[in-house]
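Q: File entry31.txt below, compact mmCIF, C-alpha atoms:
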```
# COMPACT_ATOMS: atom_id res chain seq x y z
CA MET A 1 -6.42 -24.93 -31.07
CA ALA A 2 -9.12 -25.93 -28.56
CA LYS A 3 -12.67 -27.16 -28.26
CA GLU A 4 -15.17 -25.17 -26.23
CA ILE A 5 -18.93 -24.90 -25.73
CA VAL A 6 -20.94 -21.78 -26.48
CA THR A 7 -24.51 -21.31 -25.29
CA VAL A 8 -26.30 -19.70 -28.23
CA CYS A 9 -29.46 -17.62 -27.75
CA LEU A 10 -31.84 -17.25 -30.68
CA PRO A 11 -35.07 -15.28 -31.04
CA SER A 12 -38.32 -17.18 -31.42
CA VAL A 13 -38.48 -18.97 -34.78
CA PRO A 14 -40.61 -21.83 -36.13
CA ILE A 15 -38.98 -25.04 -34.91
CA GLU A 16 -38.26 -26.19 -38.47
CA GLU A 17 -36.10 -23.07 -38.97
CA TRP A 18 -33.85 -23.39 -35.92
CA GLU A 19 -30.86 -24.75 -37.86
CA GLU A 20 -30.91 -21.86 -40.32
CA ALA A 21 -31.26 -19.39 -37.44
CA LEU A 22 -28.28 -21.01 -35.71
CA LYS A 23 -26.18 -20.80 -38.88
CA ALA A 24 -27.01 -17.11 -39.24
CA ALA A 25 -26.10 -16.40 -35.59
CA MET A 26 -22.79 -18.28 -35.81
CA ALA A 27 -21.77 -17.02 -39.27
CA PRO A 28 -20.14 -13.71 -38.18
CA PHE A 29 -17.64 -15.66 -36.08
CA ASP A 30 -16.53 -18.11 -38.78
CA MET A 31 -12.73 -18.23 -38.99
CA ASN A 32 -13.00 -19.53 -42.57
CA GLN A 33 -14.59 -16.38 -43.98
CA PRO A 34 -12.48 -14.01 -46.11
CA GLU A 35 -10.60 -11.28 -44.29
CA PRO A 36 -12.44 -7.95 -44.30
CA ALA A 37 -11.31 -5.29 -46.74
CA GLY A 38 -9.13 -2.50 -45.44
CA GLY A 39 -6.76 -4.66 -43.44
CA GLU A 40 -9.11 -5.14 -40.49
CA GLU A 41 -8.55 -8.18 -38.34
CA PRO A 42 -11.32 -10.81 -38.80
CA GLN A 43 -13.30 -11.71 -35.69
CA GLY A 44 -13.09 -15.47 -36.08
CA GLU A 45 -13.99 -17.71 -33.17
CA TRP A 46 -14.58 -21.16 -34.75
CA ASP A 47 -13.59 -23.26 -37.75
CA TRP A 48 -16.24 -25.95 -37.18
CA TYR A 49 -19.10 -26.54 -34.79
CA HIS A 50 -21.96 -28.90 -34.02
CA VAL A 51 -24.87 -28.88 -31.59
CA TYR A 52 -23.94 -30.68 -28.44
CA GLY A 53 -24.85 -31.97 -25.01
CA GLY A 54 -28.18 -33.75 -25.23
CA ASP A 55 -26.54 -37.17 -25.12
CA GLY A 56 -24.64 -36.38 -21.90
CA ASP A 57 -24.52 -34.39 -18.68
CA THR A 58 -23.57 -31.15 -20.44
CA GLY A 59 -26.96 -30.96 -22.13
CA LEU A 60 -29.65 -28.53 -21.10
CA PRO A 61 -32.25 -29.86 -18.64
CA VAL A 62 -35.74 -30.50 -20.04
CA LEU A 63 -38.75 -29.45 -17.98
CA ALA A 64 -40.52 -32.61 -16.80
CA GLY A 65 -43.51 -33.48 -18.95
CA HIS A 66 -42.16 -31.70 -22.04
CA GLU A 67 -39.63 -34.27 -23.22
CA ASP A 68 -41.54 -34.90 -26.46
CA ASP A 69 -42.36 -31.28 -27.23
CA PRO A 70 -41.30 -30.54 -30.85
CA ARG A 71 -39.52 -27.39 -29.65
CA ILE A 72 -36.98 -29.54 -27.76
CA ILE A 73 -33.89 -30.04 -29.93
CA HIS A 74 -32.06 -33.36 -30.14
CA HIS A 75 -29.85 -33.38 -33.21
CA PRO A 76 -29.82 -37.00 -34.41
CA VAL A 77 -26.25 -37.16 -35.77
CA PHE A 78 -22.77 -35.79 -35.18
CA SER A 79 -21.15 -33.57 -37.82
CA ASN A 80 -19.58 -36.71 -39.36
CA GLY A 81 -22.99 -38.37 -39.71
CA ARG A 82 -22.55 -40.84 -36.84
CA PRO A 83 -25.78 -41.35 -34.88
CA ARG A 84 -26.07 -39.73 -31.44
CA ALA A 85 -27.73 -41.24 -28.40
CA ARG A 86 -30.65 -39.40 -26.80
CA ARG A 87 -31.37 -38.76 -23.12
CA THR A 88 -34.93 -37.63 -22.51
CA ALA A 89 -34.04 -35.48 -19.49
CA ARG A 90 -31.33 -33.58 -21.40
CA CYS A 91 -31.31 -31.89 -24.77
CA ASP A 92 -29.12 -29.92 -27.15
CA GLY A 93 -31.46 -26.96 -26.81
CA GLY A 94 -34.99 -25.76 -27.03
CA ALA A 95 -37.44 -23.03 -26.19
CA ARG A 96 -36.48 -21.35 -22.92
CA GLY A 97 -39.85 -22.10 -21.35
CA LEU A 98 -39.24 -25.83 -21.80
CA LEU A 99 -35.85 -25.84 -20.05
CA ASP A 100 -35.66 -26.58 -16.33
CA PHE A 101 -32.89 -24.30 -15.09
CA ASP A 102 -34.13 -24.46 -11.49
CA THR A 103 -33.36 -28.16 -11.04
CA ASP A 104 -29.70 -27.77 -12.05
CA ARG A 105 -29.35 -24.61 -9.97
CA SER A 106 -30.78 -26.35 -6.89
CA ALA A 107 -28.47 -29.32 -7.33
CA ARG A 108 -25.46 -27.01 -7.64
CA ALA A 109 -26.55 -25.12 -4.50
CA ALA A 110 -26.69 -28.34 -2.48
CA GLU A 111 -23.27 -29.41 -3.79
CA ALA A 112 -21.77 -26.00 -3.03
CA THR A 113 -23.18 -25.97 0.49
CA ALA A 114 -21.60 -29.35 1.20
CA LYS A 115 -18.26 -28.12 -0.19
CA TRP A 116 -18.34 -24.99 1.92
CA ASP A 117 -19.15 -26.94 5.09
CA GLY A 118 -16.31 -29.34 4.32
CA TRP A 119 -13.90 -26.45 3.83
CA SER A 120 -15.07 -24.76 7.02
CA ARG A 121 -14.38 -27.88 9.08
CA PHE A 122 -11.03 -28.33 7.37
CA ALA A 123 -9.85 -24.73 7.76
CA SER A 124 -11.15 -23.99 11.26
CA PRO A 125 -8.04 -25.22 13.18
CA TYR A 126 -5.76 -22.83 11.26
CA PRO A 127 -5.24 -19.06 11.36
CA PRO A 128 -6.90 -17.09 8.52
CA ALA A 129 -4.79 -17.12 5.37
CA ARG A 130 -4.33 -14.83 2.37
CA PRO A 131 -4.84 -16.03 -1.21
CA LEU A 132 -1.94 -16.42 -3.61
CA ASP A 133 -3.07 -13.39 -5.62
CA ASP A 134 -2.23 -11.11 -2.68
CA PHE A 135 1.39 -12.21 -2.82
CA HIS A 136 1.45 -12.20 -6.61
CA ARG A 137 0.28 -8.57 -6.75
CA ARG A 138 3.12 -7.58 -4.44
CA PHE A 139 5.54 -9.38 -6.76
CA GLN A 140 4.10 -7.53 -9.78
CA ASP A 141 4.50 -4.19 -8.01
CA ASP A 142 8.12 -4.87 -7.06
CA PRO A 143 9.55 -7.83 -9.02
CA LEU A 144 13.14 -7.04 -8.03
CA GLY A 145 12.53 -6.38 -4.35
CA TYR A 146 9.96 -9.14 -3.99
CA PRO A 147 10.70 -11.90 -6.53
CA PHE A 148 8.15 -14.51 -7.51
CA GLU A 149 9.84 -17.30 -5.58
CA LYS A 150 9.63 -15.24 -2.40
CA ALA A 151 5.93 -14.62 -3.05
CA ARG A 152 5.37 -18.33 -3.49
CA GLN A 153 7.30 -19.19 -0.34
CA ASP A 154 5.37 -16.63 1.72
CA TYR A 155 2.09 -18.00 0.48
CA LEU A 156 3.08 -21.59 1.24
CA SER A 157 4.43 -20.65 4.67
CA GLN A 158 0.86 -20.11 5.87
CA PRO A 159 -0.34 -23.10 7.95
CA LEU A 160 -3.62 -23.34 6.02
CA ALA A 161 -1.78 -23.34 2.68
CA GLN A 162 0.42 -26.15 3.97
CA ALA A 163 -2.64 -28.09 5.09
CA VAL A 164 -4.18 -27.77 1.64
CA LEU A 165 -0.91 -28.79 0.00
CA HIS A 166 -0.80 -32.00 2.04
CA ALA A 167 -4.53 -32.69 2.12
CA PRO A 168 -5.55 -36.28 1.36
CA GLU A 169 -6.98 -37.06 -2.05
CA GLY A 170 -10.33 -37.78 -0.44
CA ALA A 171 -10.86 -34.11 0.43
CA GLY A 172 -13.44 -33.74 -2.32
CA PHE A 173 -14.43 -30.20 -1.37
CA LEU A 174 -11.05 -28.84 -2.46
CA PRO A 175 -10.79 -27.57 -6.05
CA ARG A 176 -8.69 -29.76 -8.33
CA VAL A 177 -6.80 -26.76 -9.63
CA GLY A 178 -6.31 -23.23 -8.42
CA ASP A 179 -6.02 -21.68 -4.99
CA ALA A 180 -8.44 -23.18 -2.44
CA ILE A 181 -7.95 -20.19 -0.13
CA ALA A 182 -9.11 -17.86 -2.90
CA CYS A 183 -11.88 -20.24 -3.97
CA PHE A 184 -13.46 -20.14 -0.51
CA GLY A 185 -12.52 -16.52 0.12
CA THR A 186 -16.07 -15.37 0.77
CA ASP A 187 -18.83 -16.27 3.20
CA ARG A 188 -21.03 -19.34 2.85
CA ASP A 189 -23.88 -17.59 1.04
CA GLY A 190 -21.49 -15.83 -1.30
CA PHE A 191 -19.74 -19.07 -2.18
CA VAL A 192 -23.00 -20.89 -2.83
CA GLN A 193 -24.30 -18.10 -5.07
CA GLN A 194 -20.98 -18.01 -6.92
CA GLU A 195 -21.34 -21.73 -7.67
CA VAL A 196 -25.05 -21.60 -8.53
CA CYS A 197 -24.34 -18.99 -11.20
CA ARG A 198 -22.18 -21.57 -12.98
CA ALA A 199 -24.86 -24.27 -13.15
CA ILE A 200 -26.37 -23.24 -16.51
CA PRO A 201 -23.92 -20.98 -18.43
CA THR A 202 -20.96 -22.36 -20.36
CA ASN A 203 -17.70 -20.44 -20.67
CA VAL A 204 -18.95 -18.68 -23.79
CA LEU A 205 -22.30 -16.99 -24.48
CA LEU A 206 -23.75 -15.72 -27.75
CA THR A 207 -26.53 -13.26 -26.97
CA LEU A 208 -29.67 -12.43 -28.94
CA ASP A 209 -28.08 -9.25 -30.28
CA GLY A 210 -25.10 -11.20 -31.66
CA THR A 211 -22.54 -10.40 -28.95
CA TRP A 212 -19.98 -13.17 -28.41
CA ILE A 213 -18.80 -13.14 -24.78
CA ASP A 214 -15.91 -15.35 -23.70
CA GLY A 215 -16.02 -15.54 -19.93
CA THR A 216 -12.46 -16.83 -19.70
CA LEU A 217 -10.89 -13.92 -21.54
CA ASP A 218 -12.16 -10.53 -22.68
CA PRO A 219 -12.64 -10.74 -26.45
CA VAL A 220 -10.31 -8.41 -28.31
CA HIS A 221 -13.18 -6.91 -30.26
CA HIS A 222 -15.43 -6.39 -27.22
CA PRO A 223 -13.23 -4.97 -24.45
CA GLY A 224 -14.81 -4.47 -21.07
CA LEU A 225 -17.29 -7.35 -21.23
CA PRO A 226 -17.63 -9.44 -18.06
CA ARG A 227 -15.23 -12.27 -17.33
CA GLY A 228 -14.64 -14.70 -14.47
CA ASP A 229 -17.22 -14.61 -11.68
CA ALA A 230 -18.76 -11.43 -13.13
CA TYR A 231 -19.30 -13.21 -16.45
CA PHE A 232 -21.11 -16.15 -14.84
CA ARG A 233 -23.35 -13.84 -12.82
CA TYR A 234 -24.19 -11.95 -16.00
CA ALA A 235 -24.71 -15.06 -18.16
CA ASP A 236 -26.84 -16.78 -15.53
CA ALA A 237 -29.12 -13.76 -15.14
CA TYR A 238 -29.28 -13.26 -18.92
CA LEU A 239 -30.30 -16.84 -19.67
CA ARG A 240 -32.93 -16.89 -16.92
CA SER A 241 -34.41 -13.61 -18.18
CA LEU A 242 -35.03 -14.78 -21.75
CA ASP A 243 -38.59 -14.93 -23.03
CA ASN A 244 -40.11 -18.41 -22.95
CA ASP A 245 -40.21 -18.54 -26.78
CA ALA A 246 -36.52 -17.72 -27.25
CA PHE A 247 -34.25 -20.64 -28.07
CA VAL A 248 -31.18 -21.68 -26.08
CA ILE A 249 -28.80 -24.12 -27.78
CA ARG A 250 -25.55 -25.75 -26.73
CA VAL A 251 -22.91 -25.69 -29.49
CA ARG A 252 -19.48 -27.25 -29.36
CA PHE A 253 -16.93 -25.45 -31.49
CA HIS A 254 -13.28 -25.72 -32.45
CA SER A 255 -11.04 -22.66 -32.57
```
Rewrite the structure from the file as structure tokens, please.
A:
Amino acid sequence: MAKEIVTVCLPSVPIEEWEEALKAAMAPFDMNQPEPAGGEEPQGEWDWYHVYGGDGDTGLPVLAGHEDDPRIIHHPVFSNGRPRARRTARCDGGARGLLDFDTDRSARAAEATAKWDGWSRFASPYPPARPLDDFHRRFQDDPLGYPFEKARQDYLSQPLAQAVLHAPEGAGFLPRVGDAIACFGTDRDGFVQQEVCRAIPTNVLLTLDGTWIDGTLDPVHHPGLPRGDAYFRYADAYLRSLDNDAFVIRVRFHS
């Protein structure tokens, strides 16, 4: 069981009806609903949820000058009734036209540029290196002739991989998890765009037409939907393309 955040998109509704609209959008994915007749597998994604983010950095950014607009959503309490703090520059959700996506995207671009420049300086003394996935694919193609441990050793034998392995903790441009060589395996512009696309979307998106897209894993009931970098490019473009009157809401759920 895990907690995750879904960015929910709702059509334009009177502000006093947003909670009912959210309930209706989330209802098809309730794990507590009865199993469908005919032996079909239920498409449950959550067993509880609450709106989320406006009291912290994960909230959606409010367009300056619109902090007191009634179409900005700050839910006053948690699901257990405990009061929530409020940050005027962040919200749980609101009308798309009142959300300042550009500010967060610009900040992420500046951060990504600094990371790329740090990586470039770090990697420049070493020969080009191949990401771990290259070696892992060879292992998958021939697990007996090229065992996993050999793949790992070949990856780590690269001077750049060794440098990353022994990098000081202060190398803040390096990802905390994953393969740094793969992470920076594109040019500067490509890396920055890849990071900018992650500024607004969360790992899960619920679209206006009721499609639940998990960017970390293709949903069983919706095969072929985007995941990984492709998901974030899709979700970023989708959220930015919404009409100004559509609602975008952060929701934390448990599954």
Q: Pick out the closest residue to Val77 of chain A from this set: A:Phe184, A:Phe148, A:Tyr52, A:Phe122. Count only C-alpha atoms.
A: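 With only C-alpha atoms as the atom set, the closest residue is A:Tyr52.
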Q: Could you check how far atom CA of Gln158 of chain A sits from atom CA of Val192 of chain A, in Å to one decimal?
A: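 Straight-line distance from atom CA of Gln158 of chain A to atom CA of Val192 of chain A works out to 25.4 Å.
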Q: Work out how far atom CA of Ala2 of chain A is from atom CA of Asn32 of chain A, in Å to one decimal.
A: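 Separation of atom CA of Asn32 of chain A and atom CA of Ala2 of chain A: 15.9 Å.
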Q: Hey, which of A:Ala167, A:Ile73, A:Ile200, A:Cys91 ends up closest to Ala123 of chain A? Count all atoms listed in the file.
A: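 Once distances to Ala123 of chain A are computed over all atoms listed in the file, the minimum belongs to A:Ala167.
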Q: Give me, as a PyMOL selection string, all polymer residues having an atom no more than 8 Å from Leu63 of chain A, counting all atoms listed in the file and skipping those fewer than 6 positions away in the same chain.
A: chain A and resi 89+98-100
Q: Just want the 6 Å neighbourhood of Val8 of chain A, counted on only C-alpha atoms, with same-chain residues fewer than 3 positions away dropped. Output as a PDB file with C-alpha atoms, in the frame of the given file.
A:
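Listed below is the output, part.pdb:
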```pdb
ATOM      1  CA  LEU A 206     -23.750 -15.720 -27.750  1.00  0.00           C
ATOM      2  CA  VAL A 248     -31.180 -21.680 -26.080  1.00  0.00           C
ATOM      3  CA  ILE A 249     -28.800 -24.120 -27.780  1.00  0.00           C
TER       4      ILE A 249
END
```
Q: Could you tell me which of A:Glu195, A:Glu17, A:Asp134, A:Asp117 comes closest to Phe173 of chain A if we count only C-alpha atoms?
A: A:Asp117
Q: Find the residue from A:Pro147, A:Asp209, A:Ser124, A:Trp116 that sits nearest to Phe191 of chain A; use all atoms listed in the file when measuring.
A: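 Going through A:Pro147, A:Asp209, A:Ser124, A:Trp116 one by one, the smallest distance to Phe191 of chain A is for A:Trp116.
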Q: Counting only C-alpha atoms, which residues have an atom no more than 10 Å from (-35.5, -16.9, -32.5) in the file's coordinates? Please list them as a ChimeraX atom specification.
A: /A:9-15,17-18,21-22,25,95,208,245-248
Q: Taking all atoms listed in the file into account, name the residue in A:Asn203, A:Ser157, A:Ser106, A:Gln162 that is nearest to Phe253 of chain A.
A: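 Once distances to Phe253 of chain A are computed over all atoms listed in the file, the minimum belongs to A:Asn203.
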Q: Compare A:Asp133, A:Ala151, A:Ala237, A:Leu205 by their minimum atom-to-atom distance to Leu225 of chain A, counting all atoms listed in the file, and give me the closest one.
A: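 Using all atoms listed in the file, the shortest distance to Leu225 of chain A belongs to A:Leu205.
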Q: Could you list, as a list in words, every residue within 10 Å of Ser255 of chain A, counting all atoms listed in the file and ignoring same-chain residues fewer than 5 positions away?
A: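 My reading of the contact set: Met1, Ala2, Lys3, Glu4, Asp30, Met31, Gly44, Glu45, Trp46, Asp47, Trp48 and Tyr49 of chain A.
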Q: Find the distance between atom CA of Leu156 of chain A and atom CA of Lys115 of chain A and write it in Å to one decimal.
A: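 Taking atom CA of Leu156 of chain A and atom CA of Lys115 of chain A, their separation equals 22.4 Å.
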Q: Anything within 12 Å of (-32.6, -34.6, -29.2): list those residues as an mmCIF file with C-alpha atoms, keeping the file's coordinate frame, counting all atoms listed in the file and sticking to the file's coordinates.
A:
```
data_model
loop_
_atom_site.group_PDB
_atom_site.id
_atom_site.type_symbol
_atom_site.label_atom_id
_atom_site.label_comp_id
_atom_site.auth_asym_id
_atom_site.auth_seq_id
_atom_site.Cartn_x
_atom_site.Cartn_y
_atom_site.Cartn_z
ATOM 1 C CA VAL A 51 -24.870 -28.880 -31.590
ATOM 2 C CA TYR A 52 -23.940 -30.680 -28.440
ATOM 3 C CA GLY A 53 -24.850 -31.970 -25.010
ATOM 4 C CA GLY A 54 -28.180 -33.750 -25.230
ATOM 5 C CA ASP A 55 -26.540 -37.170 -25.120
ATOM 6 C CA GLY A 56 -24.640 -36.380 -21.900
ATOM 7 C CA GLY A 59 -26.960 -30.960 -22.130
ATOM 8 C CA LEU A 60 -29.650 -28.530 -21.100
ATOM 9 C CA PRO A 61 -32.250 -29.860 -18.640
ATOM 10 C CA VAL A 62 -35.740 -30.500 -20.040
ATOM 11 C CA GLU A 67 -39.630 -34.270 -23.220
ATOM 12 C CA ASP A 68 -41.540 -34.900 -26.460
ATOM 13 C CA ASP A 69 -42.360 -31.280 -27.230
ATOM 14 C CA PRO A 70 -41.300 -30.540 -30.850
ATOM 15 C CA ARG A 71 -39.520 -27.390 -29.650
ATOM 16 C CA ILE A 72 -36.980 -29.540 -27.760
ATOM 17 C CA ILE A 73 -33.890 -30.040 -29.930
ATOM 18 C CA HIS A 74 -32.060 -33.360 -30.140
ATOM 19 C CA HIS A 75 -29.850 -33.380 -33.210
ATOM 20 C CA PRO A 76 -29.820 -37.000 -34.410
ATOM 21 C CA VAL A 77 -26.250 -37.160 -35.770
ATOM 22 C CA PHE A 78 -22.770 -35.790 -35.180
ATOM 23 C CA PRO A 83 -25.780 -41.350 -34.880
ATOM 24 C CA ARG A 84 -26.070 -39.730 -31.440
ATOM 25 C CA ALA A 85 -27.730 -41.240 -28.400
ATOM 26 C CA ARG A 86 -30.650 -39.400 -26.800
ATOM 27 C CA ARG A 87 -31.370 -38.760 -23.120
ATOM 28 C CA THR A 88 -34.930 -37.630 -22.510
ATOM 29 C CA ALA A 89 -34.040 -35.480 -19.490
ATOM 30 C CA ARG A 90 -31.330 -33.580 -21.400
ATOM 31 C CA CYS A 91 -31.310 -31.890 -24.770
ATOM 32 C CA ASP A 92 -29.120 -29.920 -27.150
ATOM 33 C CA GLY A 93 -31.460 -26.960 -26.810
ATOM 34 C CA GLY A 94 -34.990 -25.760 -27.030
ATOM 35 C CA ILE A 249 -28.800 -24.120 -27.780
ATOM 36 C CA ARG A 250 -25.550 -25.750 -26.730
#
```
Q: Just want the 12 Å neighbourhood of segment 118-121 of chain A, counted on all atoms listed in the file, with same-chain residues fewer than 6 positions away dropped. Output as a tab-separated table (two decimals) with C-alpha atoms, in the coordinates of the input.
A:
```
chain	number	residue	atom	x	y	z
A	111	GLU	CA	-23.27	-29.41	-3.79
A	112	ALA	CA	-21.77	-26.00	-3.03
A	128	PRO	CA	-6.90	-17.09	8.52
A	160	LEU	CA	-3.62	-23.34	6.02
A	163	ALA	CA	-2.64	-28.09	5.09
A	164	VAL	CA	-4.18	-27.77	1.64
A	167	ALA	CA	-4.53	-32.69	2.12
A	170	GLY	CA	-10.33	-37.78	-0.44
A	171	ALA	CA	-10.86	-34.11	0.43
A	172	GLY	CA	-13.44	-33.74	-2.32
A	173	PHE	CA	-14.43	-30.20	-1.37
A	174	LEU	CA	-11.05	-28.84	-2.46
A	175	PRO	CA	-10.79	-27.57	-6.05
A	180	ALA	CA	-8.44	-23.18	-2.44
A	181	ILE	CA	-7.95	-20.19	-0.13
A	182	ALA	CA	-9.11	-17.86	-2.90
A	183	CYS	CA	-11.88	-20.24	-3.97
A	184	PHE	CA	-13.46	-20.14	-0.51
A	185	GLY	CA	-12.52	-16.52	0.12
A	186	THR	CA	-16.07	-15.37	0.77
A	187	ASP	CA	-18.83	-16.27	3.20
A	188	ARG	CA	-21.03	-19.34	2.85
A	191	PHE	CA	-19.74	-19.07	-2.18
```
